[in-house]
Every structure is written in structure tokens, then in C-alpha cells.
Amino acid sequence: MSKVEDFLTADEELEVVNAIIEAEKNTSGEIRVHIEATTNLSSLDRAKEVFHYLKMDNTKEDNGVLIYVAVLDRKFTIYGDTGINKVVPNNFWNSTKDAIEAEFKKGNFKQGIINGVLKAGEELERHFPWKHGDVNELSNEISKG
């Protein structure tokens with residue numbers, strides 16, 4: 001795979017966006033996916049940078065979640081904002097990570113991201129259920145670097 005655009009087709013990207021919409025239906029949490037070729041930083045440090053760049057740290061309840069993928073590095077990270085980290089255990093994202101990793105190992109990148117997005121939505125719903133008046137604060141589109 002030579003570039004980020006080859007990672008997901010346009011139809012696959014649409015499926016991921018629809019999964020984000022579905023995952024956010026029952027939570028005030030915000031989920032984004034960012035895909036780029038590579039990074040010179042650790043995937044966690046780069047995810048933190050991207051999180052800030054996408055203004056995900058500006059949500060009302062500090063409950064944004066970024067699924068960051070560095071395609072050529074074959075790495076991904078799930079990064080949650082401070083509001084989430086205050087109320088969940090340290091291993092909170094393990095089930096989401098496992099859902100992604102299982103499909104990535106089989107080369108099913110689209111399905112891995114979709115499974116991760118839906119699992120993150122389930123986890124967020126427990127701690128940040130949707131309330132009347134909640135609005136979608138962030139774009140559901142996949143960002144690319």
C-alpha cells in the first residue's frame with residue numbers, strides 16, 4: 001500500500017462514517033477516525049496532536065474519542081479526552097482495541113475500524129448517555145494526514 005488513499009475505498013469510508021453516526025446515536029460522546037501514512041512520533045503522542053488539531057478537546061463534556069491509524073507503521077491508537085478518563089478504569093479501551101486488532105490482523109481494515117467505532121459507542125453510552133438537547137459537536141468525516 002503506497003498511500004493513505006488506498007487504505008479505504010470511498011464506499012468503505014462511507015460505511016465508517018455511517019458507523020460513527022450509528023455509534024453516536026445513544027451517547028453525547030464524539031468519535032472521530034484519523035488515518036495517515038506514518039509518524040515520527042509514538043502513535044499515542046501523534047494521536048494526542050491530531051486530537052488537539054481536530055479540536056476534539058473542545059467538546060462540552062470532554063468526551064471525544066479518536067481512533068488514530070498510521071497505515072505504513074501498522075499501528076493504531078485509541079485516545080479519549082479527559083472527561084472520559086476521569087470516569088473509566090485504566091483498561092477501558094481494551095475491548096475496543098481488541099475489536100479493531102482482530103480484524104486488522106486479517107487485513108479487514110474497514111471492518112476493524114467499524115467494529116472499533118461501534119464498540120467505542122457502546123462504551124461511551126454507559127458513561128455519557130445521550131440526553132435531550134445533545135448535539136453533534138464534531139464532524140463524522142474521516143480526517144487524513
# chains A, B, ... in the order shown; residues from 1 in each chain; ligands from 1
call {"tool": "residues_around", "arguments": {"residues": "A:Val4", "least_positions_apart": "4", "cutoff": "10 Å", "atoms": "only C-alpha atoms", "output": "ChimeraX atom specification"}}
result
/A:8,35-38,69-72,144-145
call {"tool": "write_last_selection", "arguments": {"atoms": "C-alpha atoms", "output": "short mmCIF file (atom, residue, chain, number, x, y, z; two decimals), in the first residue's frame"}}
result
data_model
loop_
_atom_site.label_atom_id
_atom_site.label_comp_id
_atom_site.auth_asym_id
_atom_site.auth_seq_id
_atom_site.Cartn_x
_atom_site.Cartn_y
_atom_site.Cartn_z
CA LEU A 8 -10.09 2.53 2.40
CA ILE A 35 -5.77 7.98 9.01
CA GLU A 36 -2.28 8.89 7.86
CA ALA A 37 0.67 7.10 6.31
CA THR A 38 3.27 7.32 9.05
CA VAL A 69 -4.29 4.81 12.35
CA ALA A 70 -0.75 5.07 10.91
CA VAL A 71 -1.07 2.85 7.85
CA LEU A 72 2.55 2.22 6.86
CA LYS A 144 -6.44 12.24 6.79
CA GLY A 145 -2.91 13.43 7.29
#
call {"tool": "select_by_dssp", "arguments": {"residues": "stretch 4-131 of chain A", "states": "helix (DSSP H, G or I)", "output": "ChimeraX atom specification"}}
result
/A:4-6,10-24,43-53,56-58,82-85,94-105,109-127
call {"tool": "closest_residue", "arguments": {"among": "A:Arg74, A:Arg126, A:Phe51, A:Ile142", "to": "A:Thr9", "atoms": "only C-alpha atoms"}}
result
A:Ile142
call {"tool": "closest_residue", "arguments": {"among": "A:Leu124, A:Gly133, A:Lys110, A:Phe76", "to": "A:Leu14", "atoms": "only C-alpha atoms"}}
result
A:Lys110
call {"tool": "residues_around", "arguments": {"residues": "A:Glu30", "least_positions_apart": "6", "cutoff": "7 Å", "atoms": "only C-alpha atoms", "output": "list in words"}}
result
Glu24, Asn63, Gly64, Val65 and Leu138 of chain A
call {"tool": "atom_distance", "arguments": {"atom1": "atom CA of A:Glu12", "atom2": "atom CA of A:His34"}}
result
14.2 Å
call {"tool": "residues_around", "arguments": {"residues": "stretch 111-122 of chain A", "least_positions_apart": "3", "cutoff": "6 Å", "atoms": "only C-alpha atoms", "output": "PDB file with all heavy atoms, in the first residue's frame"}}
result
ATOM      1  N   VAL A  16     -17.744   3.593   7.251  1.00  0.00           N
ATOM      2  CA  VAL A  16     -17.163   4.005   8.533  1.00  0.00           C
ATOM      3  C   VAL A  16     -17.910   5.225   9.076  1.00  0.00           C
ATOM      4  O   VAL A  16     -18.266   5.274  10.260  1.00  0.00           O
ATOM      5  CB  VAL A  16     -15.648   4.287   8.403  1.00  0.00           C
ATOM      6  CG1 VAL A  16     -15.103   4.947   9.666  1.00  0.00           C
ATOM      7  CG2 VAL A  16     -14.885   3.003   8.096  1.00  0.00           C
ATOM      8  N   ALA A  19     -21.094   4.186  10.487  1.00  0.00           N
ATOM      9  CA  ALA A  19     -20.880   3.538  11.785  1.00  0.00           C
ATOM     10  C   ALA A  19     -20.699   4.578  12.885  1.00  0.00           C
ATOM     11  O   ALA A  19     -21.202   4.407  14.004  1.00  0.00           O
ATOM     12  CB  ALA A  19     -19.667   2.602  11.721  1.00  0.00           C
ATOM     13  N   ALA A  23     -22.962   4.888  16.089  1.00  0.00           N
ATOM     14  CA  ALA A  23     -22.346   4.787  17.416  1.00  0.00           C
ATOM     15  C   ALA A  23     -22.673   5.988  18.285  1.00  0.00           C
ATOM     16  O   ALA A  23     -22.766   5.866  19.509  1.00  0.00           O
ATOM     17  CB  ALA A  23     -20.834   4.636  17.275  1.00  0.00           C
ATOM     18  N   GLU A  24     -22.846   7.155  17.677  1.00  0.00           N
ATOM     19  CA  GLU A  24     -23.101   8.372  18.447  1.00  0.00           C
ATOM     20  C   GLU A  24     -24.585   8.593  18.744  1.00  0.00           C
ATOM     21  O   GLU A  24     -24.923   9.513  19.501  1.00  0.00           O
ATOM     22  CB  GLU A  24     -22.549   9.587  17.695  1.00  0.00           C
ATOM     23  CG  GLU A  24     -21.044   9.627  17.650  1.00  0.00           C
ATOM     24  CD  GLU A  24     -20.490  10.841  16.927  1.00  0.00           C
ATOM     25  OE1 GLU A  24     -21.276  11.619  16.314  1.00  0.00           O
ATOM     26  OE2 GLU A  24     -19.270  11.031  16.973  1.00  0.00           O
ATOM     27  N   THR A  96     -12.272  -2.210  22.932  1.00  0.00           N
ATOM     28  CA  THR A  96     -12.314  -1.507  21.648  1.00  0.00           C
ATOM     29  C   THR A  96     -11.058  -1.825  20.844  1.00  0.00           C
ATOM     30  O   THR A  96     -11.130  -2.109  19.645  1.00  0.00           O
ATOM     31  CB  THR A  96     -12.456   0.015  21.874  1.00  0.00           C
ATOM     32  OG1 THR A  96     -13.625   0.261  22.656  1.00  0.00           O
ATOM     33  CG2 THR A  96     -12.559   0.751  20.558  1.00  0.00           C
ATOM     34  N   ALA A  99     -11.293  -5.284  19.399  1.00  0.00           N
ATOM     35  CA  ALA A  99     -12.235  -5.353  18.274  1.00  0.00           C
ATOM     36  C   ALA A  99     -11.570  -4.891  16.978  1.00  0.00           C
ATOM     37  O   ALA A  99     -11.808  -5.460  15.909  1.00  0.00           O
ATOM     38  CB  ALA A  99     -13.478  -4.511  18.572  1.00  0.00           C
ATOM     39  N   ILE A 100     -10.749  -3.879  17.069  1.00  0.00           N
ATOM     40  CA  ILE A 100     -10.031  -3.372  15.898  1.00  0.00           C
ATOM     41  C   ILE A 100      -8.922  -4.344  15.499  1.00  0.00           C
ATOM     42  O   ILE A 100      -8.805  -4.745  14.337  1.00  0.00           O
ATOM     43  CB  ILE A 100      -9.429  -1.974  16.185  1.00  0.00           C
ATOM     44  CG1 ILE A 100     -10.544  -0.950  16.446  1.00  0.00           C
ATOM     45  CG2 ILE A 100      -8.538  -1.521  15.033  1.00  0.00           C
ATOM     46  CD1 ILE A 100     -10.043   0.389  16.960  1.00  0.00           C
ATOM     47  N   GLU A 103      -9.632  -7.688  13.493  1.00  0.00           N
ATOM     48  CA  GLU A 103      -9.883  -7.535  12.057  1.00  0.00           C
ATOM     49  C   GLU A 103      -8.644  -7.047  11.308  1.00  0.00           C
ATOM     50  O   GLU A 103      -8.391  -7.474  10.180  1.00  0.00           O
ATOM     51  CB  GLU A 103     -11.060  -6.595  11.814  1.00  0.00           C
ATOM     52  CG  GLU A 103     -12.389  -7.148  12.292  1.00  0.00           C
ATOM     53  CD  GLU A 103     -12.801  -8.447  11.610  1.00  0.00           C
ATOM     54  OE1 GLU A 103     -12.514  -8.624  10.410  1.00  0.00           O
ATOM     55  OE2 GLU A 103     -13.416  -9.295  12.293  1.00  0.00           O
ATOM     56  N   PHE A 104      -7.877  -6.152  11.902  1.00  0.00           N
ATOM     57  CA  PHE A 104      -6.660  -5.662  11.253  1.00  0.00           C
ATOM     58  C   PHE A 104      -5.699  -6.826  10.961  1.00  0.00           C
ATOM     59  O   PHE A 104      -5.063  -6.860   9.913  1.00  0.00           O
ATOM     60  CB  PHE A 104      -5.961  -4.620  12.117  1.00  0.00           C
ATOM     61  CG  PHE A 104      -6.474  -3.210  11.947  1.00  0.00           C
ATOM     62  CD1 PHE A 104      -7.741  -2.945  11.451  1.00  0.00           C
ATOM     63  CD2 PHE A 104      -5.673  -2.141  12.292  1.00  0.00           C
ATOM     64  CE1 PHE A 104      -8.194  -1.640  11.294  1.00  0.00           C
ATOM     65  CE2 PHE A 104      -6.113  -0.831  12.142  1.00  0.00           C
ATOM     66  CZ  PHE A 104      -7.384  -0.581  11.644  1.00  0.00           C
ATOM     67  N   ASN A 108      -8.669  -6.901   7.337  1.00  0.00           N
ATOM     68  CA  ASN A 108     -10.009  -6.306   7.198  1.00  0.00           C
ATOM     69  C   ASN A 108     -10.030  -4.939   7.882  1.00  0.00           C
ATOM     70  O   ASN A 108     -10.599  -4.776   8.950  1.00  0.00           O
ATOM     71  CB  ASN A 108     -11.075  -7.218   7.817  1.00  0.00           C
ATOM     72  CG  ASN A 108     -11.137  -8.575   7.160  1.00  0.00           C
ATOM     73  OD1 ASN A 108     -10.836  -8.713   5.974  1.00  0.00           O
ATOM     74  ND2 ASN A 108     -11.510  -9.585   7.921  1.00  0.00           N
ATOM     75  N   GLU A 125     -21.724   5.119  25.722  1.00  0.00           N
ATOM     76  CA  GLU A 125     -23.134   5.200  26.126  1.00  0.00           C
ATOM     77  C   GLU A 125     -23.306   4.918  27.618  1.00  0.00           C
ATOM     78  O   GLU A 125     -24.148   5.529  28.279  1.00  0.00           O
ATOM     79  CB  GLU A 125     -23.957   4.215  25.304  1.00  0.00           C
ATOM     80  CG  GLU A 125     -25.442   4.280  25.596  1.00  0.00           C
ATOM     81  CD  GLU A 125     -26.237   3.286  24.782  1.00  0.00           C
ATOM     82  OE1 GLU A 125     -25.672   2.607  23.901  1.00  0.00           O
ATOM     83  OE2 GLU A 125     -27.453   3.182  25.047  1.00  0.00           O
TER      84      GLU A 125
END
call {"tool": "atom_distance", "arguments": {"atom1": "atom CA of A:Thr39", "atom2": "atom CA of A:Leu54"}}
result
16.7 Å
call {"tool": "closest_residue", "arguments": {"among": "A:Lys25, A:Asp81, A:Glu101, A:Ile67", "to": "A:His52", "atoms": "only C-alpha atoms"}}
result
A:Asp81
call {"tool": "atom_distance", "arguments": {"atom1": "atom CA of A:Trp93", "atom2": "atom CA of A:Ile78"}}
result
7.1 Å
call {"tool": "residues_around", "arguments": {"residues": "A:Val88", "least_positions_apart": "3", "cutoff": "10 Å", "atoms": "only C-alpha atoms", "output": "VMD selection string"}}
result
chain A and resid 83 to 85 91 to 93 123 to 124 127
call {"tool": "write_last_selection", "arguments": {"atoms": "N, CA, C and O atoms", "output": "tab-separated table (two decimals), in the first residue's frame"}}
result
chain	number	residue	atom	x	y	z
A	83	GLY	N	-12.53	14.00	30.11
A	83	GLY	CA	-13.81	13.69	30.73
A	83	GLY	C	-14.06	12.20	30.81
A	83	GLY	O	-14.63	11.69	31.78
A	84	ILE	N	-13.63	11.49	29.80
A	84	ILE	CA	-13.76	10.03	29.78
A	84	ILE	C	-12.79	9.42	30.77
A	84	ILE	O	-13.17	8.57	31.59
A	85	ASN	N	-11.56	9.85	30.71
A	85	ASN	CA	-10.52	9.25	31.56
A	85	ASN	C	-10.78	9.45	33.05
A	85	ASN	O	-10.27	8.69	33.87
A	91	ASN	N	-8.04	0.26	31.92
A	91	ASN	CA	-8.11	-0.67	30.80
A	91	ASN	C	-9.39	-0.49	29.97
A	91	ASN	O	-9.77	-1.38	29.21
A	92	PHE	N	-10.02	0.66	30.10
A	92	PHE	CA	-11.32	0.92	29.49
A	92	PHE	C	-11.35	0.65	28.00
A	92	PHE	O	-12.31	0.11	27.48
A	93	TRP	N	-10.30	1.00	27.26
A	93	TRP	CA	-10.32	0.88	25.81
A	93	TRP	C	-9.85	-0.48	25.30
A	93	TRP	O	-9.79	-0.69	24.09
A	123	GLU	N	-19.35	1.69	24.73
A	123	GLU	CA	-18.66	2.04	25.97
A	123	GLU	C	-19.02	3.47	26.41
A	123	GLU	O	-19.25	3.73	27.59
A	124	LEU	N	-19.06	4.39	25.46
A	124	LEU	CA	-19.39	5.78	25.78
A	124	LEU	C	-20.83	5.90	26.29
A	124	LEU	O	-21.11	6.71	27.18
A	127	HIS	N	-21.34	5.69	30.08
A	127	HIS	CA	-20.88	6.80	30.92
A	127	HIS	C	-21.40	8.16	30.46
A	127	HIS	O	-21.46	9.10	31.26
call {"tool": "select_by_dssp", "arguments": {"residues": "stretch 14-131 of chain A", "states": "strand (DSSP E)", "output": "PDB file with all heavy atoms, in the first residue's frame"}}
result
ATOM      1  N   GLU A  30     -18.248  11.896  21.319  1.00  0.00           N
ATOM      2  CA  GLU A  30     -17.913  12.189  19.923  1.00  0.00           C
ATOM      3  C   GLU A  30     -16.778  11.283  19.482  1.00  0.00           C
ATOM      4  O   GLU A  30     -15.765  11.169  20.178  1.00  0.00           O
ATOM      5  CB  GLU A  30     -17.484  13.656  19.779  1.00  0.00           C
ATOM      6  CG  GLU A  30     -18.581  14.653  20.102  1.00  0.00           C
ATOM      7  CD  GLU A  30     -19.658  14.721  19.029  1.00  0.00           C
ATOM      8  OE1 GLU A  30     -19.396  14.341  17.872  1.00  0.00           O
ATOM      9  OE2 GLU A  30     -20.770  15.163  19.363  1.00  0.00           O
ATOM     10  N   ILE A  31     -16.942  10.650  18.331  1.00  0.00           N
ATOM     11  CA  ILE A  31     -15.940   9.717  17.816  1.00  0.00           C
ATOM     12  C   ILE A  31     -15.439  10.222  16.469  1.00  0.00           C
ATOM     13  O   ILE A  31     -16.234  10.601  15.610  1.00  0.00           O
ATOM     14  CB  ILE A  31     -16.544   8.307  17.651  1.00  0.00           C
ATOM     15  CG1 ILE A  31     -17.087   7.801  18.982  1.00  0.00           C
ATOM     16  CG2 ILE A  31     -15.499   7.342  17.077  1.00  0.00           C
ATOM     17  CD1 ILE A  31     -17.940   6.554  18.883  1.00  0.00           C
ATOM     18  N   ARG A  32     -14.127  10.225  16.310  1.00  0.00           N
ATOM     19  CA  ARG A  32     -13.506  10.579  15.025  1.00  0.00           C
ATOM     20  C   ARG A  32     -12.497   9.511  14.659  1.00  0.00           C
ATOM     21  O   ARG A  32     -11.942   8.839  15.532  1.00  0.00           O
ATOM     22  CB  ARG A  32     -12.753  11.922  15.114  1.00  0.00           C
ATOM     23  CG  ARG A  32     -13.537  13.145  15.439  1.00  0.00           C
ATOM     24  CD  ARG A  32     -14.218  13.880  14.299  1.00  0.00           C
ATOM     25  NE  ARG A  32     -13.625  13.891  12.994  1.00  0.00           N
ATOM     26  CZ  ARG A  32     -13.074  14.958  12.405  1.00  0.00           C
ATOM     27  NH1 ARG A  32     -13.004  16.101  13.044  1.00  0.00           N
ATOM     28  NH2 ARG A  32     -12.614  14.887  11.174  1.00  0.00           N
ATOM     29  N   VAL A  33     -12.236   9.389  13.369  1.00  0.00           N
ATOM     30  CA  VAL A  33     -11.210   8.488  12.849  1.00  0.00           C
ATOM     31  C   VAL A  33     -10.238   9.338  12.041  1.00  0.00           C
ATOM     32  O   VAL A  33     -10.660  10.155  11.218  1.00  0.00           O
ATOM     33  CB  VAL A  33     -11.828   7.382  11.963  1.00  0.00           C
ATOM     34  CG1 VAL A  33     -10.740   6.546  11.304  1.00  0.00           C
ATOM     35  CG2 VAL A  33     -12.777   6.502  12.769  1.00  0.00           C
ATOM     36  N   HIS A  34      -8.946   9.147  12.294  1.00  0.00           N
ATOM     37  CA  HIS A  34      -7.907   9.846  11.536  1.00  0.00           C
ATOM     38  C   HIS A  34      -6.943   8.811  10.987  1.00  0.00           C
ATOM     39  O   HIS A  34      -6.452   7.949  11.724  1.00  0.00           O
ATOM     40  CB  HIS A  34      -7.150  10.836  12.421  1.00  0.00           C
ATOM     41  CG  HIS A  34      -6.090  11.586  11.677  1.00  0.00           C
ATOM     42  ND1 HIS A  34      -6.368  12.700  10.930  1.00  0.00           N
ATOM     43  CD2 HIS A  34      -4.759  11.350  11.547  1.00  0.00           C
ATOM     44  CE1 HIS A  34      -5.248  13.144  10.376  1.00  0.00           C
ATOM     45  NE2 HIS A  34      -4.252  12.340  10.738  1.00  0.00           N
ATOM     46  N   ILE A  35      -6.667   8.914   9.678  1.00  0.00           N
ATOM     47  CA  ILE A  35      -5.774   7.982   9.007  1.00  0.00           C
ATOM     48  C   ILE A  35      -4.650   8.769   8.349  1.00  0.00           C
ATOM     49  O   ILE A  35      -4.905   9.771   7.670  1.00  0.00           O
ATOM     50  CB  ILE A  35      -6.536   7.178   7.932  1.00  0.00           C
ATOM     51  CG1 ILE A  35      -7.691   6.398   8.573  1.00  0.00           C
ATOM     52  CG2 ILE A  35      -5.592   6.239   7.183  1.00  0.00           C
ATOM     53  CD1 ILE A  35      -8.642   5.787   7.561  1.00  0.00           C
ATOM     54  N   GLU A  36      -3.412   8.311   8.567  1.00  0.00           N
ATOM     55  CA  GLU A  36      -2.277   8.895   7.864  1.00  0.00           C
ATOM     56  C   GLU A  36      -1.256   7.811   7.587  1.00  0.00           C
ATOM     57  O   GLU A  36      -1.350   6.704   8.124  1.00  0.00           O
ATOM     58  CB  GLU A  36      -1.678  10.069   8.627  1.00  0.00           C
ATOM     59  CG  GLU A  36      -1.150   9.768   9.990  1.00  0.00           C
ATOM     60  CD  GLU A  36      -0.750  11.041  10.745  1.00  0.00           C
ATOM     61  OE1 GLU A  36      -1.185  12.134  10.381  1.00  0.00           O
ATOM     62  OE2 GLU A  36       0.012  10.911  11.706  1.00  0.00           O
ATOM     63  N   GLY A  64     -14.592  13.248  23.792  1.00  0.00           N
ATOM     64  CA  GLY A  64     -14.235  12.855  22.437  1.00  0.00           C
ATOM     65  C   GLY A  64     -13.307  11.657  22.445  1.00  0.00           C
ATOM     66  O   GLY A  64     -12.521  11.468  23.362  1.00  0.00           O
ATOM     67  N   VAL A  65     -13.423  10.845  21.389  1.00  0.00           N
ATOM     68  CA  VAL A  65     -12.576   9.671  21.220  1.00  0.00           C
ATOM     69  C   VAL A  65     -12.022   9.684  19.804  1.00  0.00           C
ATOM     70  O   VAL A  65     -12.776   9.831  18.838  1.00  0.00           O
ATOM     71  CB  VAL A  65     -13.368   8.364  21.422  1.00  0.00           C
ATOM     72  CG1 VAL A  65     -12.491   7.153  21.136  1.00  0.00           C
ATOM     73  CG2 VAL A  65     -13.944   8.297  22.815  1.00  0.00           C
ATOM     74  N   LEU A  66     -10.714   9.526  19.692  1.00  0.00           N
ATOM     75  CA  LEU A  66     -10.063   9.461  18.399  1.00  0.00           C
ATOM     76  C   LEU A  66      -9.506   8.064  18.177  1.00  0.00           C
ATOM     77  O   LEU A  66      -8.795   7.530  19.030  1.00  0.00           O
ATOM     78  CB  LEU A  66      -8.912  10.468  18.320  1.00  0.00           C
ATOM     79  CG  LEU A  66      -8.077  10.424  17.042  1.00  0.00           C
ATOM     80  CD1 LEU A  66      -8.914  10.851  15.834  1.00  0.00           C
ATOM     81  CD2 LEU A  66      -6.847  11.309  17.174  1.00  0.00           C
ATOM     82  N   ILE A  67      -9.845   7.494  17.024  1.00  0.00           N
ATOM     83  CA  ILE A  67      -9.198   6.267  16.576  1.00  0.00           C
ATOM     84  C   ILE A  67      -8.186   6.702  15.529  1.00  0.00           C
ATOM     85  O   ILE A  67      -8.554   7.187  14.459  1.00  0.00           O
ATOM     86  CB  ILE A  67     -10.209   5.253  16.015  1.00  0.00           C
ATOM     87  CG1 ILE A  67     -11.181   4.830  17.124  1.00  0.00           C
ATOM     88  CG2 ILE A  67      -9.476   4.045  15.416  1.00  0.00           C
ATOM     89  CD1 ILE A  67     -12.304   3.924  16.666  1.00  0.00           C
ATOM     90  N   TYR A  68      -6.919   6.588  15.876  1.00  0.00           N
ATOM     91  CA  TYR A  68      -5.817   7.046  15.036  1.00  0.00           C
ATOM     92  C   TYR A  68      -5.141   5.835  14.392  1.00  0.00           C
ATOM     93  O   TYR A  68      -4.818   4.865  15.086  1.00  0.00           O
ATOM     94  CB  TYR A  68      -4.796   7.823  15.887  1.00  0.00           C
ATOM     95  CG  TYR A  68      -3.501   8.072  15.166  1.00  0.00           C
ATOM     96  CD1 TYR A  68      -3.385   9.138  14.285  1.00  0.00           C
ATOM     97  CD2 TYR A  68      -2.419   7.219  15.327  1.00  0.00           C
ATOM     98  CE1 TYR A  68      -2.197   9.350  13.590  1.00  0.00           C
ATOM     99  CE2 TYR A  68      -1.239   7.425  14.641  1.00  0.00           C
ATOM    100  CZ  TYR A  68      -1.134   8.487  13.767  1.00  0.00           C
ATOM    101  OH  TYR A  68       0.026   8.690  13.077  1.00  0.00           O
ATOM    102  N   VAL A  69      -4.933   5.904  13.067  1.00  0.00           N
ATOM    103  CA  VAL A  69      -4.288   4.809  12.348  1.00  0.00           C
ATOM    104  C   VAL A  69      -3.120   5.355  11.533  1.00  0.00           C
ATOM    105  O   VAL A  69      -3.294   6.285  10.744  1.00  0.00           O
ATOM    106  CB  VAL A  69      -5.283   4.097  11.397  1.00  0.00           C
ATOM    107  CG1 VAL A  69      -4.600   2.952  10.662  1.00  0.00           C
ATOM    108  CG2 VAL A  69      -6.513   3.610  12.145  1.00  0.00           C
ATOM    109  N   ALA A  70      -1.922   4.783  11.741  1.00  0.00           N
ATOM    110  CA  ALA A  70      -0.749   5.074  10.914  1.00  0.00           C
ATOM    111  C   ALA A  70      -0.544   3.853  10.012  1.00  0.00           C
ATOM    112  O   ALA A  70      -0.061   2.810  10.460  1.00  0.00           O
ATOM    113  CB  ALA A  70       0.477   5.340  11.778  1.00  0.00           C
ATOM    114  N   LYS A  75       0.216   0.679  12.901  1.00  0.00           N
ATOM    115  CA  LYS A  75      -0.094   0.979  14.299  1.00  0.00           C
ATOM    116  C   LYS A  75      -1.405   1.753  14.377  1.00  0.00           C
ATOM    117  O   LYS A  75      -1.757   2.493  13.467  1.00  0.00           O
ATOM    118  CB  LYS A  75       1.013   1.820  14.931  1.00  0.00           C
ATOM    119  CG  LYS A  75       2.329   1.101  15.047  1.00  0.00           C
ATOM    120  CD  LYS A  75       3.368   1.962  15.705  1.00  0.00           C
ATOM    121  CE  LYS A  75       4.676   1.201  15.786  1.00  0.00           C
ATOM    122  NZ  LYS A  75       5.745   1.999  16.337  1.00  0.00           N
ATOM    123  N   PHE A  76      -2.080   1.582  15.508  1.00  0.00           N
ATOM    124  CA  PHE A  76      -3.261   2.391  15.777  1.00  0.00           C
ATOM    125  C   PHE A  76      -3.340   2.652  17.271  1.00  0.00           C
ATOM    126  O   PHE A  76      -2.764   1.929  18.080  1.00  0.00           O
ATOM    127  CB  PHE A  76      -4.546   1.730  15.253  1.00  0.00           C
ATOM    128  CG  PHE A  76      -4.988   0.532  16.053  1.00  0.00           C
ATOM    129  CD1 PHE A  76      -5.884   0.674  17.099  1.00  0.00           C
ATOM    130  CD2 PHE A  76      -4.507  -0.735  15.761  1.00  0.00           C
ATOM    131  CE1 PHE A  76      -6.298  -0.421  17.836  1.00  0.00           C
ATOM    132  CE2 PHE A  76      -4.907  -1.841  16.494  1.00  0.00           C
ATOM    133  CZ  PHE A  76      -5.807  -1.681  17.534  1.00  0.00           C
ATOM    134  N   THR A  77      -4.055   3.718  17.604  1.00  0.00           N
ATOM    135  CA  THR A  77      -4.233   4.111  18.996  1.00  0.00           C
ATOM    136  C   THR A  77      -5.651   4.622  19.177  1.00  0.00           C
ATOM    137  O   THR A  77      -6.205   5.260  18.289  1.00  0.00           O
ATOM    138  CB  THR A  77      -3.237   5.229  19.376  1.00  0.00           C
ATOM    139  OG1 THR A  77      -1.912   4.707  19.298  1.00  0.00           O
ATOM    140  CG2 THR A  77      -3.479   5.766  20.760  1.00  0.00           C
ATOM    141  N   ILE A  78      -6.198   4.360  20.340  1.00  0.00           N
ATOM    142  CA  ILE A  78      -7.490   4.927  20.721  1.00  0.00           C
ATOM    143  C   ILE A  78      -7.190   5.933  21.820  1.00  0.00           C
ATOM    144  O   ILE A  78      -6.585   5.587  22.839  1.00  0.00           O
ATOM    145  CB  ILE A  78      -8.446   3.850  21.239  1.00  0.00           C
ATOM    146  CG1 ILE A  78      -8.614   2.753  20.183  1.00  0.00           C
ATOM    147  CG2 ILE A  78      -9.794   4.467  21.621  1.00  0.00           C
ATOM    148  CD1 ILE A  78      -9.090   1.456  20.731  1.00  0.00           C
ATOM    149  N   TYR A  79      -7.592   7.174  21.581  1.00  0.00           N
ATOM    150  CA  TYR A  79      -7.286   8.229  22.546  1.00  0.00           C
ATOM    151  C   TYR A  79      -8.579   8.912  22.983  1.00  0.00           C
ATOM    152  O   TYR A  79      -9.354   9.387  22.157  1.00  0.00           O
ATOM    153  CB  TYR A  79      -6.334   9.255  21.919  1.00  0.00           C
ATOM    154  CG  TYR A  79      -5.915  10.323  22.886  1.00  0.00           C
ATOM    155  CD1 TYR A  79      -4.989  10.058  23.875  1.00  0.00           C
ATOM    156  CD2 TYR A  79      -6.486  11.595  22.839  1.00  0.00           C
ATOM    157  CE1 TYR A  79      -4.617  11.024  24.792  1.00  0.00           C
ATOM    158  CE2 TYR A  79      -6.117  12.571  23.745  1.00  0.00           C
ATOM    159  CZ  TYR A  79      -5.183  12.278  24.717  1.00  0.00           C
ATOM    160  OH  TYR A  79      -4.828  13.244  25.624  1.00  0.00           O
ATOM    161  N   GLY A  80      -8.818   8.922  24.284  1.00  0.00           N
ATOM    162  CA  GLY A  80     -10.016   9.541  24.838  1.00  0.00           C
ATOM    163  C   GLY A  80      -9.684  10.798  25.623  1.00  0.00           C
ATOM    164  O   GLY A  80      -8.611  10.910  26.209  1.00  0.00           O
TER     165      GLY A  80
END
